[in-house]
>>> print(open('entry_37.cif').read())   # mmCIF, C-alpha atoms and all ligand atoms
data_upload
loop_
_atom_site.label_atom_id
_atom_site.label_comp_id
_atom_site.auth_asym_id
_atom_site.auth_seq_id
_atom_site.Cartn_x
_atom_site.Cartn_y
_atom_site.Cartn_z
CA MET U 504 73.53 117.57 103.28
CA SER U 505 77.00 117.96 101.81
CA TYR U 506 80.27 118.66 103.54
CA LYS U 507 83.45 120.71 103.46
CA ILE U 508 86.26 118.24 102.94
CA ALA U 509 90.02 118.74 102.71
CA ILE U 510 92.77 116.42 101.55
CA ILE U 511 96.27 117.15 102.79
CA GLY U 512 98.70 115.25 100.57
CA ALA U 513 96.37 115.36 97.57
CA THR U 514 99.12 114.74 94.98
CA GLY U 515 100.35 111.54 96.64
CA LEU U 516 99.36 107.96 95.91
CA VAL U 517 97.02 107.85 98.91
CA GLY U 518 95.66 111.38 98.32
CA GLN U 519 94.86 110.56 94.70
CA LYS U 520 93.19 107.31 95.74
CA ILE U 521 91.12 109.18 98.35
CA LEU U 522 89.80 111.44 95.58
CA GLN U 523 88.90 108.36 93.51
CA VAL U 524 87.18 106.64 96.45
CA LEU U 525 85.22 109.79 97.42
CA THR U 526 83.81 109.80 93.88
CA GLU U 527 83.08 106.07 93.81
CA ARG U 528 81.28 106.17 97.14
CA GLN U 529 79.46 109.40 96.23
CA VAL U 530 80.42 111.21 99.39
CA PRO U 531 78.48 114.51 99.22
CA ILE U 532 81.00 117.36 99.06
CA SER U 533 79.99 121.02 99.12
CA GLU U 534 83.53 122.41 99.15
CA LEU U 535 86.76 120.57 98.44
CA TYR U 536 90.15 121.89 99.56
CA LEU U 537 93.33 120.25 98.32
CA ALA U 538 96.82 120.78 99.73
CA ALA U 539 100.22 119.20 99.22
CA SER U 540 103.69 120.51 100.02
CA ASP U 541 104.28 124.23 99.60
CA ALA U 542 106.22 123.42 96.43
CA SER U 543 102.98 122.19 94.83
CA ALA U 544 100.85 125.18 95.88
CA GLY U 545 99.27 126.85 92.85
CA LYS U 546 99.31 123.72 90.68
CA GLU U 547 96.03 122.38 89.35
CA ILE U 548 94.32 119.06 90.07
CA THR U 549 91.28 117.84 88.18
CA TYR U 550 88.55 116.19 90.24
CA GLN U 551 85.21 115.19 88.72
CA SER U 552 86.01 117.25 85.59
CA GLN U 553 86.59 120.36 87.68
CA SER U 554 89.95 122.05 88.18
CA TYR U 555 91.15 122.71 91.73
CA THR U 556 94.15 124.81 92.70
CA LEU U 557 96.43 123.21 95.29
CA GLN U 558 96.67 125.41 98.37
CA LYS U 559 99.10 125.65 101.24
CA VAL U 560 98.04 123.71 104.32
CA SER U 561 97.71 126.99 106.24
CA GLU U 562 95.21 128.29 103.65
CA VAL U 563 93.15 125.10 103.89
CA LEU U 564 93.05 125.49 107.67
CA GLN U 565 91.67 129.02 107.28
CA ALA U 566 88.83 127.62 105.13
CA ARG U 567 87.74 125.55 108.18
CA PRO U 568 86.83 122.23 106.55
CA GLN U 569 84.65 119.80 108.52
CA ILE U 570 86.82 116.78 107.71
CA ALA U 571 90.50 116.78 106.72
CA LEU U 572 91.94 113.56 105.34
CA PHE U 573 95.70 113.70 105.92
CA SER U 574 98.10 111.64 103.79
CA ALA U 575 101.22 113.81 103.83
CA GLY U 576 103.47 111.85 106.19
CA SER U 577 104.08 112.11 109.93
CA GLY U 578 105.80 115.51 109.98
CA PRO U 579 102.90 117.47 108.48
CA SER U 580 100.41 115.46 110.56
CA LEU U 581 102.21 116.23 113.81
CA GLU U 582 102.40 119.91 112.90
CA TRP U 583 98.93 120.48 111.46
CA ALA U 584 96.48 117.88 112.76
CA PRO U 585 96.14 119.50 116.23
CA LYS U 586 95.51 122.88 114.60
CA PHE U 587 92.73 121.49 112.41
CA ALA U 588 91.25 119.64 115.40
CA ALA U 589 91.36 122.82 117.48
CA ALA U 590 89.39 124.54 114.70
CA GLY U 591 86.62 121.93 115.05
CA CYS U 592 87.68 119.85 112.04
CA TRP U 593 87.81 116.06 112.23
CA VAL U 594 91.23 114.81 111.15
CA ILE U 595 91.55 111.33 109.67
CA ASP U 596 95.26 110.69 109.52
CA ASN U 597 96.97 108.09 107.35
CA SER U 598 100.42 108.61 108.84
CA SER U 599 101.77 106.73 111.85
CA ALA U 600 102.15 109.96 113.87
CA TRP U 601 99.12 109.61 116.16
CA ARG U 602 98.25 105.93 116.05
CA MET U 603 99.62 104.85 119.41
CA TYR U 604 98.43 107.82 121.49
CA ASP U 605 95.99 106.55 124.14
CA THR U 606 93.57 109.36 123.38
CA VAL U 607 93.57 108.73 119.62
CA ALA U 608 91.19 106.14 118.18
CA LEU U 609 92.90 103.74 115.76
CA VAL U 610 90.02 102.74 113.59
CA VAL U 611 89.03 100.01 111.19
CA PRO U 612 85.31 100.85 110.89
CA GLU U 613 84.15 97.22 110.61
CA ILE U 614 85.89 96.47 113.94
CA ASN U 615 86.07 99.43 116.29
CA ALA U 616 84.33 102.58 115.08
CA HIS U 617 82.84 102.70 118.59
CA THR U 618 86.24 103.88 119.92
CA ILE U 619 85.76 107.27 118.18
CA SER U 620 85.13 109.91 120.81
CA LEU U 621 83.57 113.32 120.26
CA ASN U 622 86.27 114.72 122.53
CA HIS U 623 89.22 113.74 120.31
CA LYS U 624 88.98 114.95 116.76
CA ILE U 625 92.14 113.25 115.49
CA ILE U 626 91.42 109.72 114.30
CA ALA U 627 94.23 107.47 113.09
CA ASN U 628 94.00 105.15 110.11
CA PRO U 629 96.04 102.04 110.89
CA ASN U 630 99.02 100.82 108.89
CA CYS U 631 98.01 99.11 105.64
CA SER U 632 99.52 95.75 106.67
CA THR U 633 97.73 95.91 110.01
CA ILE U 634 94.32 96.65 108.49
CA GLN U 635 94.19 93.61 106.22
CA MET U 636 95.41 91.25 108.96
CA VAL U 637 92.97 92.40 111.65
CA MET U 638 90.13 92.42 109.11
CA ALA U 639 90.74 88.71 108.47
CA LEU U 640 91.25 87.75 112.11
CA TYR U 641 89.09 89.90 114.39
CA ASN U 642 85.92 87.82 114.27
CA ALA U 643 87.78 84.61 115.05
CA HIS U 644 89.59 86.46 117.83
CA ARG U 645 86.24 87.48 119.37
CA THR U 646 85.03 83.89 119.56
CA HIS U 647 88.24 81.89 120.06
CA HIS U 648 90.82 84.42 121.38
CA ILE U 649 94.12 84.56 119.58
CA ALA U 650 97.09 83.27 121.56
CA ARG U 651 99.85 84.14 119.09
CA ILE U 652 100.43 85.55 115.60
CA VAL U 653 103.54 85.17 113.43
CA VAL U 654 103.26 87.35 110.33
CA SER U 655 105.58 87.89 107.35
CA THR U 656 104.62 90.55 104.82
CA TYR U 657 105.29 90.91 101.11
CA GLN U 658 104.64 94.61 100.61
CA SER U 659 104.00 96.47 97.37
CA VAL U 660 106.18 99.42 96.38
CA THR U 661 103.04 101.58 96.26
CA GLY U 662 103.19 101.43 100.06
CA THR U 663 106.17 103.81 99.94
CA GLY U 664 104.50 106.42 97.76
CA ASN U 665 105.08 108.07 94.40
CA ARG U 666 108.87 108.06 94.49
CA ALA U 667 109.08 104.32 95.14
CA VAL U 668 106.97 103.60 92.07
CA LEU U 669 109.30 105.90 90.12
CA GLN U 670 112.34 103.96 91.35
CA LEU U 671 110.81 100.64 90.30
CA MET U 672 109.76 101.98 86.88
CA ASN U 673 113.19 103.52 86.26
CA GLU U 674 114.90 100.24 87.13
CA ARG U 675 112.58 98.34 84.80
CA LYS U 676 113.80 100.63 82.03
CA GLY U 677 117.38 99.82 82.97
CA HIS U 678 118.06 103.13 84.76
CA TYR U 679 119.75 102.26 88.03
CA ASP U 680 121.63 105.49 88.64
CA GLY U 681 118.72 107.84 89.40
CA TYR U 682 117.11 108.81 92.70
CA LYS U 683 116.60 105.85 95.05
CA ILE U 684 114.05 105.80 97.85
CA TYR U 685 115.13 102.33 98.94
CA PRO U 686 118.70 101.60 100.05
CA HIS U 687 118.99 98.95 97.31
CA GLU U 688 117.56 98.11 93.90
CA ILE U 689 113.96 96.92 94.19
CA ASP U 690 113.31 95.46 90.73
CA LEU U 691 114.15 91.74 90.57
CA ASN U 692 114.93 91.98 94.27
CA VAL U 693 113.39 91.55 97.73
CA LEU U 694 114.25 93.79 100.68
CA PRO U 695 113.83 92.45 104.23
CA GLN U 696 113.34 96.04 105.34
CA VAL U 697 110.21 98.19 105.44
CA ASP U 698 110.79 101.58 107.08
CA ILE U 699 113.82 102.18 109.32
CA PHE U 700 115.56 99.77 111.69
CA LEU U 701 115.17 100.34 115.44
CA ASN U 702 117.65 99.40 118.17
CA ASP U 703 116.14 95.94 118.76
CA GLY U 704 116.83 94.84 115.16
CA TYR U 705 113.17 95.08 114.14
CA THR U 706 111.96 97.70 111.69
CA LYS U 707 109.50 100.45 112.54
CA GLU U 708 106.97 98.77 110.22
CA GLU U 709 107.25 95.54 112.22
CA HIS U 710 106.67 97.47 115.44
CA LYS U 711 103.64 99.18 113.88
CA LEU U 712 102.13 95.82 112.89
CA ILE U 713 102.63 94.45 116.40
CA GLN U 714 101.48 97.43 118.45
CA GLU U 715 98.58 98.45 116.22
CA THR U 716 97.20 94.90 116.13
CA GLN U 717 97.30 94.77 119.94
CA LYS U 718 95.54 98.14 120.16
CA ILE U 719 92.79 97.39 117.60
CA LEU U 720 92.08 93.93 119.04
CA GLU U 721 92.12 95.53 122.53
CA CYS U 722 94.59 92.89 123.61
CA PRO U 723 97.85 94.56 124.77
CA GLU U 724 99.31 91.25 125.90
CA LEU U 725 98.73 89.50 122.53
CA ALA U 726 101.84 87.55 121.52
CA ILE U 727 102.73 88.66 118.00
CA THR U 728 105.91 88.87 115.98
CA ALA U 729 106.49 90.22 112.47
CA THR U 730 108.91 90.32 109.55
CA ALA U 731 108.09 93.00 106.98
CA VAL U 732 109.47 92.59 103.46
CA ARG U 733 109.32 94.85 100.38
CA VAL U 734 108.76 93.12 97.04
CA PRO U 735 108.76 94.55 93.48
CA VAL U 736 104.97 94.40 93.21
CA MET U 737 102.36 97.11 92.53
CA GLY U 738 98.87 95.79 93.25
CA GLY U 739 98.75 95.20 96.98
CA HIS U 740 100.30 93.73 100.08
CA SER U 741 100.42 89.99 100.80
CA GLU U 742 100.90 88.39 104.20
CA SER U 743 101.75 84.91 105.39
CA VAL U 744 100.09 84.62 108.80
CA ASN U 745 100.44 81.84 111.35
CA VAL U 746 97.75 82.23 113.99
CA GLN U 747 97.21 80.16 117.11
CA PHE U 748 93.98 80.32 119.12
CA LYS U 749 93.43 79.78 122.84
CA SER U 750 90.34 77.60 122.41
CA PRO U 751 89.57 74.72 120.04
CA ILE U 752 88.60 75.77 116.52
CA SER U 753 88.40 73.65 113.39
CA GLU U 754 89.56 74.66 109.94
CA VAL U 755 85.93 74.61 108.77
CA GLU U 756 84.92 76.97 111.60
CA LEU U 757 87.75 79.36 110.80
CA ARG U 758 86.84 79.38 107.10
CA THR U 759 83.19 80.02 107.95
CA ILE U 760 84.02 82.88 110.32
CA ILE U 761 86.25 84.60 107.76
CA SER U 762 83.73 84.00 104.94
CA ASN U 763 81.04 85.65 107.07
CA THR U 764 83.21 88.69 107.82
CA THR U 765 82.04 91.77 105.92
CA GLY U 766 84.85 92.91 103.62
CA CYS U 767 86.64 89.54 103.53
CA VAL U 768 86.44 86.86 100.86
CA VAL U 769 87.86 83.36 101.20
CA PHE U 770 89.43 82.53 97.83
CA ASP U 771 90.98 79.16 98.35
CA ASP U 772 90.95 76.28 95.89
CA PRO U 773 94.53 75.05 95.73
CA GLN U 774 93.64 72.10 93.46
CA GLN U 775 92.60 74.66 90.83
CA ASN U 776 95.59 76.92 91.63
CA GLN U 777 93.15 79.45 93.09
CA TYR U 778 94.54 81.71 95.80
CA PRO U 779 94.72 85.48 96.32
CA MET U 780 97.50 87.48 94.67
CA PRO U 781 98.17 91.22 94.44
CA ILE U 782 96.55 91.20 91.00
CA THR U 783 93.44 89.70 92.65
CA ALA U 784 93.26 92.57 95.13
CA HIS U 785 94.33 95.43 92.88
CA GLU U 786 91.67 98.19 92.63
CA ASN U 787 89.13 96.56 94.91
CA ASP U 788 88.36 96.89 98.62
CA THR U 789 88.23 93.21 99.49
CA VAL U 790 90.56 91.52 101.96
CA TRP U 791 91.27 88.21 100.23
CA VAL U 792 92.13 85.14 102.30
CA GLY U 793 93.45 81.86 100.96
CA ARG U 794 95.83 78.97 101.67
CA ILE U 795 93.91 78.33 104.90
CA ARG U 796 95.31 75.18 106.44
CA LYS U 797 95.84 73.64 109.82
CA ASP U 798 99.31 73.96 111.28
CA PRO U 799 99.99 70.48 112.71
CA SER U 800 103.01 71.72 114.65
CA ALA U 801 100.92 73.60 117.24
CA LEU U 802 97.54 73.33 119.00
CA TYR U 803 94.62 75.25 117.39
CA ALA U 804 97.02 76.83 114.90
CA PHE U 805 96.55 77.72 111.21
CA ASN U 806 98.42 79.22 108.29
CA LEU U 807 96.72 81.83 106.11
CA TRP U 808 97.61 83.98 103.13
CA ILE U 809 96.01 87.45 103.22
CA VAL U 810 96.09 89.95 100.33
CA SER U 811 94.61 93.42 99.98
CA ASP U 812 95.16 96.63 97.99
CA ASN U 813 97.21 98.78 100.38
CA LEU U 814 96.11 102.01 98.71
CA ARG U 815 92.41 101.15 99.06
CA LYS U 816 91.31 99.21 102.17
CA GLY U 817 94.83 99.73 103.52
CA ALA U 818 94.55 103.53 103.30
CA ALA U 819 92.02 105.53 101.21
CA THR U 820 88.90 103.39 101.52
CA ASN U 821 89.37 102.85 105.26
CA ALA U 822 89.81 106.62 105.73
CA VAL U 823 86.72 107.44 103.65
CA GLN U 824 84.73 104.81 105.58
CA ILE U 825 85.69 106.66 108.78
CA ALA U 826 84.50 109.93 107.21
CA GLU U 827 81.22 108.25 106.25
CA TYR U 828 80.82 107.05 109.84
CA LEU U 829 81.30 110.61 111.17
CA ILE U 830 78.70 111.85 108.67
CA GLN U 831 76.26 109.07 109.46
CA LYS U 832 76.56 109.72 113.21
CA GLN U 833 76.08 113.47 112.60
CA PHE U 834 79.35 114.19 114.41
CA LEU U 835 80.29 117.08 112.07
CA ILE U 836 79.82 120.65 113.16
CA SER U 837 78.97 123.42 110.70
CA ASN U 838 81.94 125.72 110.25
N1 LIG Z 1 101.04 104.27 100.23
C1 LIG Z 1 100.34 103.47 101.06
O1 LIG Z 1 99.97 102.34 100.72
C2 LIG Z 1 100.00 103.95 102.42
C3 LIG Z 1 99.14 103.17 103.21
C4 LIG Z 1 98.81 103.61 104.48
C5 LIG Z 1 99.34 104.80 104.93
N2 LIG Z 1 100.17 105.54 104.14
C6 LIG Z 1 100.67 106.81 104.65
O2 LIG Z 1 100.06 107.85 103.91
C7 LIG Z 1 100.97 108.96 103.78
C8 LIG Z 1 101.13 109.30 102.31
O3 LIG Z 1 101.61 108.19 101.60
P1 LIG Z 1 101.72 108.19 100.02
O4 LIG Z 1 102.04 106.81 99.65
O5 LIG Z 1 100.55 108.86 99.41
O6 LIG Z 1 103.02 109.12 99.78
P2 LIG Z 1 103.42 110.01 98.50
O7 LIG Z 1 102.92 109.39 97.27
O8 LIG Z 1 104.88 110.22 98.64
O9 LIG Z 1 102.66 111.40 98.74
C9 LIG Z 1 103.01 112.27 99.77
C10 LIG Z 1 102.07 113.46 99.75
O10 LIG Z 1 102.39 114.32 100.86
C11 LIG Z 1 102.61 115.65 100.36
N3 LIG Z 1 103.53 116.36 101.23
C12 LIG Z 1 104.84 116.13 101.44
N4 LIG Z 1 105.35 117.01 102.34
C13 LIG Z 1 104.30 117.78 102.73
C14 LIG Z 1 104.18 118.88 103.61
N5 LIG Z 1 105.22 119.33 104.33
N6 LIG Z 1 102.97 119.46 103.76
C15 LIG Z 1 101.91 119.02 103.04
N7 LIG Z 1 101.96 117.99 102.18
C16 LIG Z 1 103.15 117.38 102.02
C17 LIG Z 1 103.15 115.45 98.96
O11 LIG Z 1 103.02 116.65 98.24
P3 LIG Z 1 104.01 117.05 97.01
O12 LIG Z 1 103.49 116.34 95.80
O13 LIG Z 1 103.88 118.52 96.93
O14 LIG Z 1 105.38 116.59 97.40
C18 LIG Z 1 102.21 114.33 98.50
O15 LIG Z 1 100.95 114.87 98.18
C19 LIG Z 1 102.25 108.51 104.49
O16 LIG Z 1 102.22 108.96 105.83
C20 LIG Z 1 102.16 107.00 104.47
O17 LIG Z 1 102.88 106.40 105.50
C21 LIG Z 1 100.50 105.15 102.90
#
>>> encode(input="entry_37.cif", output="structure tokens")
Amino acid sequence: MSYKIAIIGATGLVGQKILQVLTERQVPISELYLAASDASAGKEITYQSQSYTLQKVSEVLQARPQIALFSAGSGPSLEWAPKFAAAGCWVIDNSSAWRMYDTVALVVPEINAHTISLNHKIIANPNCSTIQMVMALYNAHRTHHIARIVVSTYQSVTGTGNRAVLQLMNERKGHYDGYKIYPHEIDLNVLPQVDIFLNDGYTKEEHKLIQETQKILECPELAITATAVRVPVMGGHSESVNVQFKSPISEVELRTIISNTTGCVVFDDPQQNQYPMPITAHENDTVWVGRIRKDPSALYAFNLWIVSDNLRKGAATNAVQIAEYLIQKQFLISN
């Protein structure tokens, strides 16, 4: 069997990575439909040595794909995802538009694919920072119940898309006067702001990390606070996480649980200067965990350093894994 698949946002960093991951994982595609903004319609994209013409989203809808992977931002997702779903197409959405709707499954396949319902064809891919943190913590949460998380992120510019990479590259060439996606220079700088500020002084990204973690871990009362920071890095997002458990757990137990978690690797030999970095995670799907150490200031508490490629497990790979799950469960209808 092979399937009719669409990518909405195919020219973007995530859309391009989805194409790469579909090839790597040999997802069987009978027909591929690619869309971006109307301004890109008619342009060509090469995929597996074949040329594809970018279509308008409305044209892709008419082709009635079985799965549409959206990575075009919240506006297009809000407008088009319900129309694709109404046409019988499964939507896997990388934007934040649908994540917190009660009826929408927010899925990391290793953790909660079971929340996908045949009745709701829009599935949300979580925020990249959320995915890598819950991947590292969910198994320990199941056995020892997390009491509190304090997370600070160090997020790659690739998390803001094509134009952010352009800003960084321009600044590296000494061009500071061009288009800026960030409110400040990013090269040789650190911005304690990811996404917009809300009335409570937190950013939208920090709210996403908090609420999405509570939803995925099915723990709405989980105490969690976040500071999200943008750094002039390309390869992936890093996170400093302080986690406290409700029941006794040793450092050895925590290391063992994370080591045994599919998709996670403990890479932690400080005496040899071995710890995960964005260059460790770049272009692979692993969630890397290091600097695991007991926090003596609180009961059953630990500090961890978690790194993953935001464009892969944080976006494209997670979305393709969801598509593979739908295929494996035979949830697709023939259009
Ligand atoms: N980057 C990450 O690490 C990451 C991780 C998780 C989730 N996400 C989410 O994924 C989405 C895409 O991110 P990105 O980094 O790939 O951004 P990007 O590089 O800026 O790409 C945006 C894509 O959306 C398309 N687009 C813009 N307006 C559109 C419209 N009205 N209709 C259809 N397509 C439209 C663009 O097409 P044109 O080329 O024609 O402008 C482009 O293909 C965002 O919602 C983002 O929050 C990103």
>>> closest_residue(input="entry_37.cif", among="U:Trp601, U:Tyr550, U:Tyr778, U:Tyr685", to="Lys711 (chain U)", atoms="only C-alpha atoms")
U:Trp601
>>> atom_distance(input="entry_37.cif", atom1="CA of Pro723 (chain U)", atom2="CA of Ser577 (chain U)")
23.8 Å
>>> residues_around(input="entry_37.cif", residues="Pro531 (chain U)", least_positions_apart="6", cutoff="8 Å", atoms="only C-alpha atoms", output="PyMOL selection string")
chain U and resi 504-506
>>> closest_atom_pairs(input="entry_37.cif", of="chain U", to="ligand LIG 1 (chain Z)", cutoff="7 Å", atoms="all atoms listed in the file", output="CSV")
residue,atom,partner,partner_atom,distance
U:Ile511,CA,Z:LIG1,N7,5.8
U:Gly512,CA,Z:LIG1,O15,3.3
U:Ala513,CA,Z:LIG1,O15,4.6
U:Thr514,CA,Z:LIG1,O15,3.7
U:Gly515,CA,Z:LIG1,O9,3.1
U:Leu516,CA,Z:LIG1,O5,3.8
U:Val517,CA,Z:LIG1,O5,3.7
U:Gly518,CA,Z:LIG1,O5,5.6
U:Ala538,CA,Z:LIG1,C15,6.3
U:Ala539,CA,Z:LIG1,N7,3.6
U:Ser540,CA,Z:LIG1,O13,3.7
U:Asp541,CA,Z:LIG1,O13,6.3
U:Ala542,CA,Z:LIG1,O13,5.5
U:Ser543,CA,Z:LIG1,O13,4.3
U:Val560,CA,Z:LIG1,C15,6.2
U:Ser574,CA,Z:LIG1,C7,3.9
U:Ala575,CA,Z:LIG1,O10,3.2
U:Gly576,CA,Z:LIG1,O16,3.2
U:Ser577,CA,Z:LIG1,O16,5.5
U:Gly578,CA,Z:LIG1,N5,6.8
U:Pro579,CA,Z:LIG1,N5,5.1
U:Asn597,CA,Z:LIG1,O2,4.6
U:Ser598,CA,Z:LIG1,O16,3.5
U:Ser599,CA,Z:LIG1,O16,6.4
U:Asn630,CA,Z:LIG1,C4,5.2
U:Cys631,CA,Z:LIG1,C4,4.7
U:Thr661,CA,Z:LIG1,N1,5.2
U:Gly662,CA,Z:LIG1,O1,3.4
U:Thr663,CA,Z:LIG1,O4,5.1
U:Gly664,CA,Z:LIG1,O4,3.1
U:Asn665,CA,Z:LIG1,O7,3.8
U:Arg666,CA,Z:LIG1,O8,6.1
U:Asn813,CA,Z:LIG1,O1,4.5
U:Leu814,CA,Z:LIG1,O1,4.4
U:Gly817,CA,Z:LIG1,C3,5.5
U:Ala818,CA,Z:LIG1,C4,4.4
>>> atom_distance(input="entry_37.cif", atom1="CA of Val610 (chain U)", atom2="CA of Leu807 (chain U)")
23.2 Å
>>> closest_residue(input="entry_37.cif", among="U:Ile508, U:Val790, U:Val607, U:Leu669", to="Thr765 (chain U)", atoms="all atoms listed in the file")
U:Val790
>>> closest_residue(input="entry_37.cif", among="U:Val611, U:Val594, U:Ile625, U:Ile548", to="Ala571 (chain U)", atoms="only C-alpha atoms")
U:Val594
>>> atom_distance(input="entry_37.cif", atom1="CA of Ile761 (chain U)", atom2="CA of Ala729 (chain U)")
21.5 Å
>>> residues_around(input="entry_37.cif", residues="Gln831 (chain U)", least_positions_apart="2", cutoff="12 Å", atoms="all atoms listed in the file", output="ChimeraX atom specification")
/U:504-506,530-531,616,824-829,833-835
>>> closest_residue(input="entry_37.cif", among="U:Leu640, U:Ala584, U:Val697, U:Ile570", to="Glu709 (chain U)", atoms="only C-alpha atoms")
U:Val697
